[in-house]
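Take a look at the structure below.
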Number of protein chains: 2
Amino acid sequence: MRRVRLDDANCPVARTLDEIGDWWTLLIVRDAFVGRTRFSEFQKSLGLAKNILAERLKMLVANGILEKRPASDGGARSEYHLTDKGRDLRLILIALRQWGEDHLFEDGEDMTVIRDPASQPIARLRLANAVGEELGPEDIRVVQGHKKRHAKAGRVESTLA
Amino acid sequence: MRRVRLDDANCPVARTLDEIGDWWTLLIVRDAFVGRTRFSEFQKSLGLAKNILAERLKMLVANGILEKRPASDGGARSEYHLTDKGRDLRLILIALRQWGEDHLFEDGEDMTVIRDPASQPIARLRLANAVGEELGPEDIRVVQGHKKRHAKAGRVESTLA
DNA sequence: ATCGAAAGGTTTCGTTATTAAACCTATTTA
DNA sequence: TAAATAGGTTTAATAACGAAACCTTTCGAT
């Protein structure tokens with residue numbers, strides 16, 4: 001009767017949720033983006049039980065989202081750093097953030113915001129077609145049964161035609 | 001000892017995950033995007049237990065993501081439809097999808113893809129600054145303590161300056 | 001060098017959440 | 001009119017989560 005597994009689904013959304021779709025995982029990744037690397041930093045920041053933090057970190061390392069490596073300052077404790085795969089989660093975090101900003105905050109409430117290196121706001125994510133024209137909510141259709149194409153020259157395949 | 005609540009966090013990512021960050025919720029929303037509206041359609045498609053589907057649908061309706069309304073064909077059963085708030089989740093679904101496509105599928109595996117009304121692929125989501133220049137993974141910083149501004153003229157506030 | 005504290009976990013145990021399956025009632029369909 | 005389907009609710013078992021206690025290694029101060 002274990003939890004239903006979606007890791008063999010042919011829907012990428014389902015597979016992604018299977019790997020990172022629990023309460024804590026993306027918050028740990030968010031903290032990693034903010035520069036936290038140590039067990040105790042995550043634990044203090046998130047306030048979650050140490051046993052479940054330990055389990056999540058193991059899972060994140062096993063899935064190649066975080067990398068466990070010796071402390072950069074020569075200390076004995078190790079640090080958790082984002083891999084490229086983990087850094088690629090930033091668009092998911094931004095999408096979650098923008099939706100939350102829009103729908104989960106009242107006017108006047110304090111919230112954290114994201115800035116670029118020039119301290120300017122970042123652009124909203126937008127859904128566009130191959131030519132860059134904005135698509136509305138009704139303009140997307142899901143089609144079955146495509147095979148993932150080989151990524152060329154070491155670069156990740158782009159859905160942009 | 002109930003689950004830790006994040007609905008009062010000042011991080012929009014945390015609040016969003018608190019509301020939709022469980023295993024099933026986003027998959028139900030994904031199904032709603034594909035046009036499914038009935039209890040039995042969701043249940044057959046997702047293969048989850050009926051009691052937890054019922055609970056999730058209640059939560060989605062309570063949170064204003066789905067709307068329960070009488071069947072459009074005059075039948076006695078009701079249908080679940082996305083609200084505007086629910087439709088705004090599309091960028092999150094696309095972000096999850098693109099990450100899954102990149103990192104969770106081997107070459108040659110079957111997967112569903114998304115097309116626009118002209119049957120063309122959609123563009124990748126991209127992280128850009130206010131001027132539209134692409135930002136890398138290191139180019140985002142989180143800043144504390146901003147107050148949500150009042151949305152002008154009925155439109156949602158844009159983080160695009 | 002030694003003592004105490006902190007880091008980084010693991011173990012234990014109680015509570016909550018998920019799950020499959022059985023059950024139920026109101027509607028359709030044959 | 002009978003049977004099947006829709007749309008749930010209830011029950012009981014299992015799995016995941018949570019807090020606290022515990023443990024070992026390392027670090028900092030004396």
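Lettering and numbering for the structure tokens are positional, with chains as A, B, ... in the shown order, residues counted from 1 in each chain, and ligands counted from 1 in the shown order.
With the cut-off set to 10 Å and only C-alpha atoms (C1' of nucleotides) counted, chain C residues close to chain B are DG14, DT15, DT16, DA17, DT18, DT19, DA20, DA21, DA26, DT27 and DT28 of chain C.
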Please report, as a tab-separated table, each residue of chain D lying at most 7 Å from chain A, together with the nearest pair of atoms and the separation in Å rounded to one decimal; use only C-alpha atoms (C1' of nucleotides), and order rows by chain and ascending residue number.
residue	atom	partner	partner_atom	distance
D:DT14	C1'	A:Met1	CA	6.3
D:DA15	C1'	A:Arg2	CA	6.2
D:DG18	C1'	A:Ala49	CA	6.4
Since we have the selection now, will you write its residues out, keeping N, CA and C atoms (P, O5', C5', C4', C3', O3' and C1' of nucleotides), as a tab-separated table (two decimals), in the first residue's frame?
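result09.tsv written:
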chain	number	residue	atom	x	y	z
D	14	DT	P	-1.25	-3.95	7.72
D	14	DT	O5'	-0.57	-2.69	7.00
D	14	DT	C5'	-0.71	-2.54	5.59
D	14	DT	C4'	-0.19	-1.18	5.18
D	14	DT	C3'	1.27	-0.94	5.57
D	14	DT	O3'	1.92	-0.47	4.41
D	14	DT	C1'	-0.08	0.88	6.24
D	15	DA	P	3.54	-0.48	4.29
D	15	DA	O5'	3.85	1.06	4.05
D	15	DA	C5'	3.08	1.76	3.09
D	15	DA	C4'	3.18	3.24	3.35
D	15	DA	C3'	4.59	3.74	3.63
D	15	DA	O3'	4.81	4.85	2.79
D	15	DA	C1'	3.12	4.50	5.31
D	18	DG	P	6.20	17.02	8.81
D	18	DG	O5'	6.21	16.64	10.35
D	18	DG	C5'	5.03	16.80	11.11
D	18	DG	C4'	5.36	16.60	12.56
D	18	DG	C3'	6.59	17.39	13.02
D	18	DG	O3'	6.19	18.31	14.02
D	18	DG	C1'	6.74	15.08	13.66
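With only C-alpha atoms (C1' of nucleotides) as the atoms that count, the residue of C:DC24, C:DT10, C:DA30, C:DG4 with the shortest distance to DA3 (chain D) is C:DA30.
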When you get a sec, could you note down which chain B residues fall within 6 Å of chain A, using only C-alpha atoms, as a PyMOL selection string?
chain B and resi 10-13+16+21-23+92+95-97+100-101+107-117+121-124+128-130+139-150+159-160
Go through C:DA5, C:DC23, C:DC13, C:DT29 and flag the residue nearest DA20 (chain D), using only C-alpha atoms (C1' of nucleotides) for the distances.
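Smallest distance to DA20 (chain D) is found for C:DC13.
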Separation of CA of Glu67 (chain B) from C1' of DA6 (chain D) in Å
18.5 Å
Write down as a list in words the residues belonging to chain A that are assigned strand (DSSP E) by DSSP computed on the backbone.
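Matching residues, listed in order: Leu66, Glu67, Lys68, Arg69, Pro70, Ser78, Glu79, Tyr80, His81, Leu82, Asp110, Met111, Thr112, Val113, Ile114, Arg115, Arg141, Val142, Val143, Gln144, Gly145, His146 and Lys147 of chain A.
Distance check against DG8 (chain D) using only C-alpha atoms (C1' of nucleotides): of B:Glu79, B:Asp31, B:Glu55, B:Glu41, the minimum falls on B:Glu55.
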Taking the chain letters and numbering used in this document, name the residues of chain B that DSSP puts in alpha helix (DSSP H), as a PyMOL selection string.
chain B and resi 12-20+25-33+39-46+50-62+84-87+90-103
Report, in Å to a single decimal, how far apart CA of Ala54 (chain A) and C1' of DG8 (chain C) are.
9.0 Å
